[in-house]
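Enquirer: Contents of upload-v6.txt (compact mmCIF, C-alpha atoms) are given next:
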# COMPACT_ATOMS: atom_id res chain seq x y z
CA MET P 21 11.24 143.38 107.94
CA ARG P 22 8.88 140.66 109.04
CA ASN P 23 10.45 137.35 110.01
CA LYS P 24 8.97 134.51 107.98
CA PRO P 25 9.24 130.84 108.97
CA THR P 26 10.81 128.75 106.24
CA GLN P 27 7.99 126.25 106.67
CA ALA P 28 6.23 128.52 104.17
CA VAL P 29 7.82 126.27 101.56
CA ARG P 30 5.20 123.71 102.53
CA GLN P 31 2.43 125.90 101.18
CA ALA P 32 3.54 124.90 97.68
CA LYS P 33 3.16 121.25 98.64
CA ALA P 34 -0.54 120.94 99.46
CA SER P 35 -0.37 117.16 99.31
CA TYR P 36 1.98 117.19 102.29
CA PHE P 37 -0.29 119.33 104.44
CA LYS P 38 -1.76 116.58 106.59
CA GLU P 39 1.64 114.97 107.10
CA GLN P 40 3.27 118.27 107.99
CA PHE P 41 0.44 119.19 110.34
CA SER P 42 0.85 115.92 112.20
CA LEU P 43 4.60 116.54 112.49
CA CYS P 44 4.47 120.20 113.47
CA VAL P 45 5.95 121.48 116.71
CA THR P 46 3.51 120.81 119.53
CA ARG P 47 4.07 120.88 123.26
CA GLY P 48 5.23 117.27 123.33
CA VAL P 49 7.71 117.59 120.47
CA PRO P 50 10.33 119.67 122.35
CA GLN P 51 10.09 117.28 125.30
CA ASP P 52 10.71 114.30 123.04
CA SER P 53 13.58 116.13 121.32
CA ILE P 54 15.27 116.71 124.67
CA ARG P 55 14.42 113.32 126.17
CA GLY P 56 15.78 111.42 123.16
CA PRO P 57 19.34 112.78 122.81
CA THR P 58 19.95 113.27 126.55
CA PRO P 59 20.87 109.64 127.36
CA PHE P 60 23.18 109.58 124.31
CA SER P 61 24.87 112.77 125.47
CA ILE P 62 25.42 111.39 128.97
CA LYS P 63 26.69 108.01 127.79
CA CYS P 64 28.63 109.00 124.67
CA HIS P 65 28.98 112.72 124.08
CA PHE P 66 30.24 113.82 127.47
CA PRO P 67 32.78 110.96 127.78
CA SER P 68 34.11 111.91 124.33
CA PHE P 69 34.97 115.35 125.72
CA PHE P 70 37.30 113.79 128.28
CA VAL P 71 38.93 111.69 125.57
CA TYR P 72 39.42 114.85 123.54
CA TRP P 73 40.91 116.76 126.50
CA HIS P 74 43.29 113.86 127.10
CA TRP P 75 44.26 113.82 123.42
CA ARG P 76 44.62 117.61 123.17
CA PRO P 77 45.44 119.03 126.61
CA VAL P 78 44.38 122.61 127.18
CA PHE P 79 47.21 125.12 126.83
CA SER P 80 47.35 128.91 126.66
CA PRO P 81 49.93 130.42 124.31
CA PRO P 82 51.23 133.82 125.47
CA LEU P 83 49.99 135.60 122.35
CA ALA P 84 46.56 135.49 120.74
CA PRO P 85 46.24 135.57 116.93
CA ASP P 86 45.10 138.77 115.24
CA MET P 87 41.46 139.10 114.22
CA LEU P 88 42.05 138.50 110.51
CA THR P 89 43.88 135.25 111.27
CA VAL P 90 41.06 134.09 113.56
CA VAL P 91 38.40 134.79 110.93
CA LYS P 92 40.45 133.08 108.22
CA ASP P 93 41.15 130.02 110.36
CA VAL P 94 37.55 129.64 111.56
CA LEU P 95 36.33 129.89 107.95
CA ALA P 96 38.87 127.26 106.83
CA ARG P 97 37.64 124.84 109.51
CA LEU P 98 34.00 125.49 108.63
CA LEU P 99 34.73 124.77 104.96
CA LEU P 100 36.52 121.55 105.88
CA PHE P 101 33.68 120.46 108.18
CA ASP P 102 31.16 121.35 105.48
CA MET P 103 32.95 119.04 103.03
CA GLN P 104 33.23 116.21 105.56
CA TYR P 105 29.59 116.45 106.54
CA PHE P 106 28.45 116.69 102.92
CA LEU P 107 30.23 113.44 102.01
CA TRP P 108 29.05 111.71 105.20
CA HIS P 109 25.50 112.95 104.69
CA LEU P 110 25.36 112.01 101.01
CA LEU P 111 26.65 108.51 101.78
CA HIS P 112 24.04 107.99 104.51
CA HIS P 113 21.26 108.95 102.13
CA LYS P 114 22.51 106.86 99.20
CA VAL P 115 23.22 103.65 101.14
CA PHE P 116 19.92 102.27 102.39
CA TRP P 117 21.13 100.48 105.51
CA LEU P 118 23.19 103.49 106.64
CA TYR P 119 20.13 105.69 106.35
CA HIS P 120 17.79 103.17 107.95
CA PHE P 121 19.95 102.33 110.96
CA PHE P 122 21.86 105.56 111.58
CA HIS P 123 20.39 108.67 109.93
CA LYS P 124 16.65 108.08 109.72
CA GLU P 125 16.08 109.28 113.28
CA HIS P 126 17.24 112.77 112.35
CA HIS P 127 14.54 112.93 109.67
CA LEU P 128 11.70 112.14 112.03
CA TYR P 129 10.35 115.67 111.53
CA THR P 130 10.07 117.12 108.03
CA ALA P 131 9.44 120.56 109.56
CA THR P 132 12.71 121.72 111.12
CA PHE P 133 13.00 123.39 114.51
CA SER P 134 16.02 124.18 116.68
CA LEU P 135 15.80 121.23 119.05
CA ALA P 136 15.82 118.85 116.06
CA THR P 137 19.50 119.73 115.64
CA GLU P 138 20.50 117.14 118.23
CA ASN P 139 17.76 114.67 117.40
CA THR P 140 20.27 112.05 116.27
CA GLY P 141 21.52 108.62 117.18
CA VAL P 142 24.83 107.69 118.78
CA TRP P 143 26.66 107.01 115.50
CA GLU P 144 25.69 110.32 113.92
CA MET P 145 26.44 112.31 117.04
CA LEU P 146 29.88 110.73 117.49
CA SER P 147 30.71 111.01 113.77
CA LEU P 148 30.00 114.73 113.60
CA THR P 149 31.73 115.32 116.94
CA PHE P 150 34.77 113.51 115.56
CA PHE P 151 34.88 115.73 112.45
CA ALA P 152 34.50 118.89 114.53
CA ALA P 153 37.23 117.82 116.95
CA LEU P 154 39.59 116.56 114.25
CA ASN P 155 39.69 119.72 112.14
CA PRO P 156 41.40 122.04 114.66
CA ALA P 157 44.04 119.34 115.18
CA LEU P 158 44.54 118.84 111.44
CA LEU P 159 44.93 122.55 110.79
CA ASP P 160 46.83 123.20 114.04
CA CYS P 161 44.84 126.22 115.14
CA HIS P 162 45.21 128.45 118.18
CA PRO P 163 43.03 127.49 121.22
CA LEU P 164 41.08 130.73 120.85
CA THR P 165 40.32 129.90 117.21
CA GLU P 166 39.38 126.37 118.21
CA MET P 167 36.89 127.64 120.80
CA LEU P 168 35.37 130.14 118.37
CA PHE P 169 35.08 127.43 115.71
CA PHE P 170 33.12 125.17 118.08
CA VAL P 171 30.78 128.01 119.09
CA THR P 172 30.26 129.12 115.48
CA ASN P 173 29.70 125.57 114.28
CA MET P 174 27.05 124.91 116.93
CA TYR P 175 25.32 128.23 116.27
CA LEU P 176 25.17 127.65 112.52
CA SER P 177 23.83 124.14 113.02
CA VAL P 178 21.03 125.33 115.30
CA GLU P 179 20.28 128.25 112.97
CA ALA P 180 20.03 125.89 109.98
CA HIS P 181 17.42 123.83 111.83
CA SER P 182 15.56 126.78 113.34
CA GLY P 183 12.98 127.02 110.56
CA TYR P 184 13.25 130.81 110.51
CA GLU P 185 15.15 133.40 108.56
CA PHE P 186 16.03 136.82 109.99
CA PRO P 187 17.65 139.96 108.58
CA TRP P 188 20.91 138.87 110.26
CA SER P 189 20.75 135.25 109.07
CA PRO P 190 24.09 134.08 107.57
CA HIS P 191 22.64 133.41 104.12
CA ARG P 192 21.69 137.09 103.89
CA LEU P 193 25.22 138.17 104.81
CA VAL P 194 27.15 135.82 102.49
CA PRO P 195 26.85 136.99 98.85
CA CYS P 196 26.14 135.10 95.62
CA GLY P 197 24.08 132.36 97.24
CA LEU P 198 27.20 130.66 98.60
CA TYR P 199 25.54 129.94 101.93
CA GLY P 200 22.32 127.96 102.25
CA GLY P 201 20.84 128.76 105.65
CA ALA P 202 17.60 127.64 107.29
CA ARG P 203 15.52 127.76 104.12
CA HIS P 204 18.11 125.60 102.34
CA HIS P 205 18.16 122.94 105.07
CA ASP P 206 14.41 123.03 105.62
CA LEU P 207 14.02 121.93 102.02
CA HIS P 208 16.37 119.01 102.64
CA HIS P 209 14.20 117.77 105.50
CA LEU P 210 11.14 118.13 103.30
CA LYS P 211 12.45 116.43 100.14
CA PHE P 212 15.34 114.30 101.52
CA LYS P 213 17.29 114.08 98.23
CA VAL P 214 18.54 117.65 97.88
CA ASN P 215 20.77 120.12 99.76
CA TYR P 216 23.04 117.68 101.61
CA ALA P 217 25.65 120.24 102.70
CA PRO P 218 25.01 121.72 106.15
CA TYR P 219 26.10 125.29 105.47
CA PHE P 220 27.57 126.24 102.10
CA THR P 221 26.12 125.44 98.69
CA HIS P 222 29.14 124.79 96.44
CA TRP P 223 29.24 121.00 96.95
CA ASP P 224 25.55 120.58 96.18
CA ARG P 225 25.97 122.86 93.19
CA LEU P 226 28.88 120.79 91.86
CA LEU P 227 27.08 117.45 92.27
CA GLY P 228 23.71 118.69 91.04
CA THR P 229 21.87 118.23 94.34
CA LEU P 230 21.29 121.90 95.04
CA GLN P 231 17.68 123.04 95.04
CA GLY P 232 16.34 126.45 95.92
CA ILE P 233 12.86 127.58 96.77
CA ARG P 234 10.70 129.21 94.19
CA ARG P 235 9.05 132.26 95.64
CA ARG P 236 5.58 133.08 94.43
In structure tokens, how does this file's structure come out?
Expert:
Amino acid sequence: MRNKPTQAVRQAKASYFKEQFSLCVTRGVPQDSIRGPTPFSIKCHFPSFFVYWHWRPVFSPPLAPDMLTVVKDVLARLLLFDMQYFLWHLLHHKVFWLYHFFHKEHHLYTATFSLATENTGVWEMLSLTFFAALNPALLDCHPLTEMLFFVTNMYLSVEAHSGYEFPWSPHRLVPCGLYGGARHHDLHHLKFKVNYAPYFTHWDRLLGTLQGIRRR
């Protein structure tokens, strides 16, 4: 099966062509995407890790949870993070000054690509890090589950911004359209007022902000 970039959605929006072309991924775009978040990571993100380690010291229980428990616990934390991010995201799009001062930077590019995942300001980066770090503590998960949740969360976030869909993409594996994926999030960056949830689709469906892509 041929891998198709989700930017194909832009073909149905001819009026956006010039804008999209000017914002496409060129040689300088990845450099800017790395150069921008790096100072924030050094000044804010990395120090927050030490605060987290002080708050939740590393420990190794003698027994690891069984696989079913790990899968169930990781899924529960993803669903909780998905809800938290949806509410945070919706608020930052509905309140003008929150969008203008804190979230607008993430929407610099209407065509998504992997490095755009971390193209955020300090407030957004710390907010989402706080949610991700809080959930394992709230649900009191095993350290192995906590580690797998962080890895899965980061992978899904990068995949959602990748701009590509593959045969093994999560939205192809989760039935009934319950998971959005890269195509779902690409449409959010293109239209801004739809598909606020990062991963799953049930919150957008409930609030009427879910929008799919019409295939020709």
Enquirer: How many Å separate atom CA of P:Pro85 from atom CA of P:Arg192?
Expert: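 These two atoms are separated by 27.8 Å.
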Enquirer: Would you pick out the contacts of stretch 105-113 of chain P at 7 Å or less, using only C-alpha atoms, so that residues sharing its chain but fewer than 2 positions from it are not included, and give the list as a VMD selection string?
Expert: chain P and resid 101 to 103 115 to 116 118 to 119 123 216 to 218
Enquirer: For atom CA of P:Leu168 and atom CA of P:Ser134, determine how far apart the two atoms are, in Å to one decimal place.
Expert: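 Separation between atom CA of P:Leu168 and atom CA of P:Ser134: 20.3 Å.
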Enquirer: Just give me the residues with any atom within 12 Å of (35.2, 123.6, 106.9), file coordinates, counting all atoms listed in the file, written as an mmCIF file with C-alpha atoms, keeping the file's coordinate frame.
Expert:
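Ended up saving to result.cif:
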data_model
loop_
_atom_site.group_PDB
_atom_site.id
_atom_site.type_symbol
_atom_site.label_atom_id
_atom_site.label_comp_id
_atom_site.auth_asym_id
_atom_site.auth_seq_id
_atom_site.Cartn_x
_atom_site.Cartn_y
_atom_site.Cartn_z
ATOM 1 C CA LYS P 92 40.450 133.080 108.220
ATOM 2 C CA ASP P 93 41.150 130.020 110.360
ATOM 3 C CA VAL P 94 37.550 129.640 111.560
ATOM 4 C CA LEU P 95 36.330 129.890 107.950
ATOM 5 C CA ALA P 96 38.870 127.260 106.830
ATOM 6 C CA ARG P 97 37.640 124.840 109.510
ATOM 7 C CA LEU P 98 34.000 125.490 108.630
ATOM 8 C CA LEU P 99 34.730 124.770 104.960
ATOM 9 C CA LEU P 100 36.520 121.550 105.880
ATOM 10 C CA PHE P 101 33.680 120.460 108.180
ATOM 11 C CA ASP P 102 31.160 121.350 105.480
ATOM 12 C CA MET P 103 32.950 119.040 103.030
ATOM 13 C CA GLN P 104 33.230 116.210 105.560
ATOM 14 C CA TYR P 105 29.590 116.450 106.540
ATOM 15 C CA PHE P 106 28.450 116.690 102.920
ATOM 16 C CA PHE P 151 34.880 115.730 112.450
ATOM 17 C CA ALA P 152 34.500 118.890 114.530
ATOM 18 C CA ALA P 153 37.230 117.820 116.950
ATOM 19 C CA LEU P 154 39.590 116.560 114.250
ATOM 20 C CA ASN P 155 39.690 119.720 112.140
ATOM 21 C CA PRO P 156 41.400 122.040 114.660
ATOM 22 C CA LEU P 158 44.540 118.840 111.440
ATOM 23 C CA LEU P 159 44.930 122.550 110.790
ATOM 24 C CA PHE P 169 35.080 127.430 115.710
ATOM 25 C CA PHE P 170 33.120 125.170 118.080
ATOM 26 C CA THR P 172 30.260 129.120 115.480
ATOM 27 C CA ASN P 173 29.700 125.570 114.280
ATOM 28 C CA ALA P 217 25.650 120.240 102.700
ATOM 29 C CA PRO P 218 25.010 121.720 106.150
ATOM 30 C CA TYR P 219 26.100 125.290 105.470
ATOM 31 C CA PHE P 220 27.570 126.240 102.100
ATOM 32 C CA TRP P 223 29.240 121.000 96.950
#
Enquirer: Find the distance between atom CA of P:Gly232 and atom CA of P:Lys213 and write it in Å to one decimal.
Expert: 12.6 Å
Enquirer: Rank P:Asn139, P:Thr130, P:Thr89, P:Ser80 by their smallest atom-to-atom distance to P:His209, using only C-alpha atoms, and report the top residue only.
Expert: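 Under the stated criterion, the closest residue is P:Thr130.
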Enquirer: So that each row is one residue of stretch 114-163 of chain P with an atom at most 10 Å from stretch 201-206 of chain P, can you give its shortest atom pair and the distance in Å to one decimal, using only C-alpha atoms, rows by chain and rising number, as a Markdown table?
Expert:
| residue | atom | partner | partner_atom | distance |
| --- | --- | --- | --- | --- |
| P:Thr130 | CA | P:Asp206 | CA | 7.7 |
| P:Ala131 | CA | P:Asp206 | CA | 6.8 |
| P:Thr132 | CA | P:Asp206 | CA | 5.9 |
| P:Phe133 | CA | P:Asp206 | CA | 9.0 |
Enquirer: Pick the closest to P:Tyr199 from P:Leu230, P:Val90, P:Met167, P:Leu83: which is it, counting all atoms listed in the file?
Expert: P:Leu230
Enquirer: Excluding same-chain residues fewer than 6 positions from P:Arg225, what lies within 10 Å of it counting only C-alpha atoms, as a VMD selection string?
Expert: chain P and resid 198 215 217 231
